[in-house]
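Undergrad: What follows is a structure written as structure tokens; I'll ask about it next.
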Amino acid sequence: MLITITLNHKKITSEVSPDTLLIDWVRAQGCASVKRGCETANCGLCTVFLEEKPVLSCSVLAVRADGKRVTTLEGLQEEAAEFGAFIADQGAEQCGFCNPGFVMNALALFREKPDPTEEEIREYLAGNLCRCSGYEGQMRGILNFLAWKKEKKSAKEEVR
């Protein structure tokens with residue numbers, strides 16, 4: 001089957017078999033941030049944005065993305081770097097294997113809920129597997145990032 005997907009703002013047309021998973025297609029396009037972890041849609045490592053919504057690419061056929069926009073961490077470098085620094089500051093990236101999926105899901109959360117509660121953060125990110133950190137560092141990083149964003153927004157409003 002011939003499909004056309006806009007991957008990270010670049011339109012790509014390629015031939016795929018009907019059973020090709022989106023994870024395999026994006027990795028074949030050079031997007032190494034999308035990782036294969038559990039292969040059961042339970043770990044969050046393969047998260048991508050499909051039409052700006054987070055999906056687990058290990059459970060989506062590439063043909064389902066035909067004609068749509070797919071964004072990986074490679075397409076969100078500036079936004080991801082800004083947030084990722086707060087996670088790193090808390091030592092929450094130990095081995096780093098879960099980071100791309102975690103960052104993708106956190107960015108999706110911030111877009112959906114700019115000022116989430118701790119409980120909302122925990123619920124939203126519950127599907128992300130991290131075997132190193134126990135999640136407390138990630139939580140501190142998220143809360144610090146949100147506080148920084150709030151301060152930055154207040155400072156801009158004062159200048160006006």
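Identifiers in this document derive from the order of the structure tokens: chains are assigned A, B, ..., residues are numbered from 1 separately in each chain, and ligands are numbered from 1 in order of occurrence.
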Report as JSON lines: every residue of stretch 45-72 of chain A with an atom at most 6 Å from stretch 17-28 of chain A, its closest pair of atoms, and their distance in Å to one decimal, counting only C-alpha atoms, with rows sorted by chain and ascending residue number.
TA:
```
{"residue": "A:Ser57", "atom": "CA", "partner": "A:Ile23", "partner_atom": "CA", "distance": 4.8}
{"residue": "A:Cys58", "atom": "CA", "partner": "A:Ile23", "partner_atom": "CA", "distance": 5.3}
{"residue": "A:Val60", "atom": "CA", "partner": "A:Leu22", "partner_atom": "CA", "distance": 5.6}
{"residue": "A:Leu61", "atom": "CA", "partner": "A:Leu21", "partner_atom": "CA", "distance": 4.4}
{"residue": "A:Ala62", "atom": "CA", "partner": "A:Leu22", "partner_atom": "CA", "distance": 4.2}
```
Undergrad: Got a sec: who's within 8 Å of A:Ile142, counting only C-alpha atoms, leaving out chain neighbours fewer than 6 positions off, as a short mmCIF file (atom, residue, chain, number, x, y, z; two decimals) with N, CA and C atoms, in the first residue's frame?
TA:
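Result file selection26.cif:
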```
data_model
loop_
_atom_site.label_atom_id
_atom_site.label_comp_id
_atom_site.auth_asym_id
_atom_site.auth_seq_id
_atom_site.Cartn_x
_atom_site.Cartn_y
_atom_site.Cartn_z
N PHE A 83 11.60 21.45 28.67
CA PHE A 83 11.06 20.62 29.74
C PHE A 83 12.08 19.60 30.24
N PHE A 86 14.44 20.26 33.19
CA PHE A 86 13.89 20.17 34.55
C PHE A 86 13.90 18.73 35.06
N ILE A 87 13.68 17.78 34.17
CA ILE A 87 13.73 16.36 34.54
C ILE A 87 15.17 15.99 34.87
#
```
Undergrad: Need the shell around stretch 3-12 of chain A: protein/DNA/RNA residues with any atom at most 7 Å away, counting only C-alpha atoms. Skip same-chain ones fewer than 4 positions apart. Format as an mmCIF file with N, CA and C atoms, in the first residue's frame?
TA:
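Just written: part.cif:
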```
data_model
loop_
_atom_site.group_PDB
_atom_site.id
_atom_site.type_symbol
_atom_site.label_atom_id
_atom_site.label_comp_id
_atom_site.auth_asym_id
_atom_site.auth_seq_id
_atom_site.Cartn_x
_atom_site.Cartn_y
_atom_site.Cartn_z
ATOM 1 N N VAL A 63 -0.954 2.417 8.117
ATOM 2 C CA VAL A 63 -1.981 2.849 7.160
ATOM 3 C C VAL A 63 -3.046 3.711 7.826
ATOM 4 N N ALA A 65 -2.425 6.098 9.728
ATOM 5 C CA ALA A 65 -1.868 7.451 9.754
ATOM 6 C C ALA A 65 -1.784 8.065 8.366
ATOM 7 N N ASP A 66 -2.198 7.328 7.361
ATOM 8 C CA ASP A 66 -2.162 7.840 5.990
ATOM 9 C C ASP A 66 -2.938 9.149 5.892
ATOM 10 N N GLY A 67 -2.280 10.163 5.333
ATOM 11 C CA GLY A 67 -2.910 11.470 5.159
ATOM 12 C C GLY A 67 -2.920 12.320 6.421
ATOM 13 N N LYS A 68 -2.265 11.835 7.477
ATOM 14 C CA LYS A 68 -2.293 12.548 8.759
ATOM 15 C C LYS A 68 -0.903 13.039 9.152
ATOM 16 N N ARG A 69 -0.884 13.806 10.259
ATOM 17 C CA ARG A 69 0.363 14.343 10.800
ATOM 18 C C ARG A 69 0.823 13.476 11.973
ATOM 19 N N VAL A 70 2.075 13.080 11.941
ATOM 20 C CA VAL A 70 2.696 12.336 13.033
ATOM 21 C C VAL A 70 3.893 13.150 13.510
ATOM 22 N N THR A 71 3.973 13.335 14.815
ATOM 23 C CA THR A 71 5.099 14.079 15.382
ATOM 24 C C THR A 71 5.782 13.202 16.419
ATOM 25 N N THR A 72 7.100 13.129 16.317
ATOM 26 C CA THR A 72 7.905 12.399 17.292
ATOM 27 C C THR A 72 8.724 13.422 18.080
ATOM 28 N N GLY A 75 10.661 16.005 16.255
ATOM 29 C CA GLY A 75 9.944 17.164 15.734
ATOM 30 C C GLY A 75 9.583 18.189 16.788
#
```
Undergrad: Sorted by chain and rising residue number, list the residues of stretch 17-72 of chain A at most 10 Å from stretch 120-137 of chain A (counting only C-alpha atoms), each with its closest atom pair and distance in Å to one decimal, as JSON lines.
TA:
```
{"residue": "A:Gly37", "atom": "CA", "partner": "A:Leu129", "partner_atom": "CA", "distance": 8.9}
{"residue": "A:Cys38", "atom": "CA", "partner": "A:Leu129", "partner_atom": "CA", "distance": 9.3}
{"residue": "A:Ala41", "atom": "CA", "partner": "A:Gly127", "partner_atom": "CA", "distance": 8.7}
{"residue": "A:Asn42", "atom": "CA", "partner": "A:Gly127", "partner_atom": "CA", "distance": 6.0}
{"residue": "A:Cys43", "atom": "CA", "partner": "A:Leu129", "partner_atom": "CA", "distance": 4.7}
{"residue": "A:Gly44", "atom": "CA", "partner": "A:Asn128", "partner_atom": "CA", "distance": 4.6}
{"residue": "A:Leu45", "atom": "CA", "partner": "A:Asn128", "partner_atom": "CA", "distance": 7.1}
{"residue": "A:Cys46", "atom": "CA", "partner": "A:Asn128", "partner_atom": "CA", "distance": 9.9}
{"residue": "A:Thr47", "atom": "CA", "partner": "A:Asn128", "partner_atom": "CA", "distance": 9.5}
```
Undergrad: Pull C-alpha atoms from the residues just selected and write them as a CSV table (one decimal), in the first residue's frame.
TA:
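That gives us out19.csv:
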```csv
chain,number,residue,atom,x,y,z
A,37,GLY,CA,9.5,-1.6,25.0
A,38,CYS,CA,6.7,-3.9,26.0
A,41,ALA,CA,0.8,-0.9,24.6
A,42,ASN,CA,1.6,-0.7,28.3
A,43,CYS,CA,4.9,1.2,28.7
A,44,GLY,CA,4.6,4.5,26.9
A,45,LEU,CA,8.0,4.2,25.2
A,46,CYS,CA,6.6,4.3,21.7
A,47,THR,CA,4.4,7.4,22.2
```
Undergrad: Which neighbours of A:Phe97 fall inside 9 Å, counting only C-alpha atoms, when residues of the same chain fewer than 2 positions from it are skipped, and could you give them as a list in words?
TA: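 Final neighbour list, sorted by chain and number: Lys35, Leu45, Glu93, Gln94, Cys95, Asn99, Pro100, Gly101 and Cys130 of chain A.
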Undergrad: Residues of stretch 43-115 of chain A in helix (DSSP H, G or I) according to DSSP, as a PyMOL selection string?
TA: chain A and resi 57-59+62-65+73-89+99-112
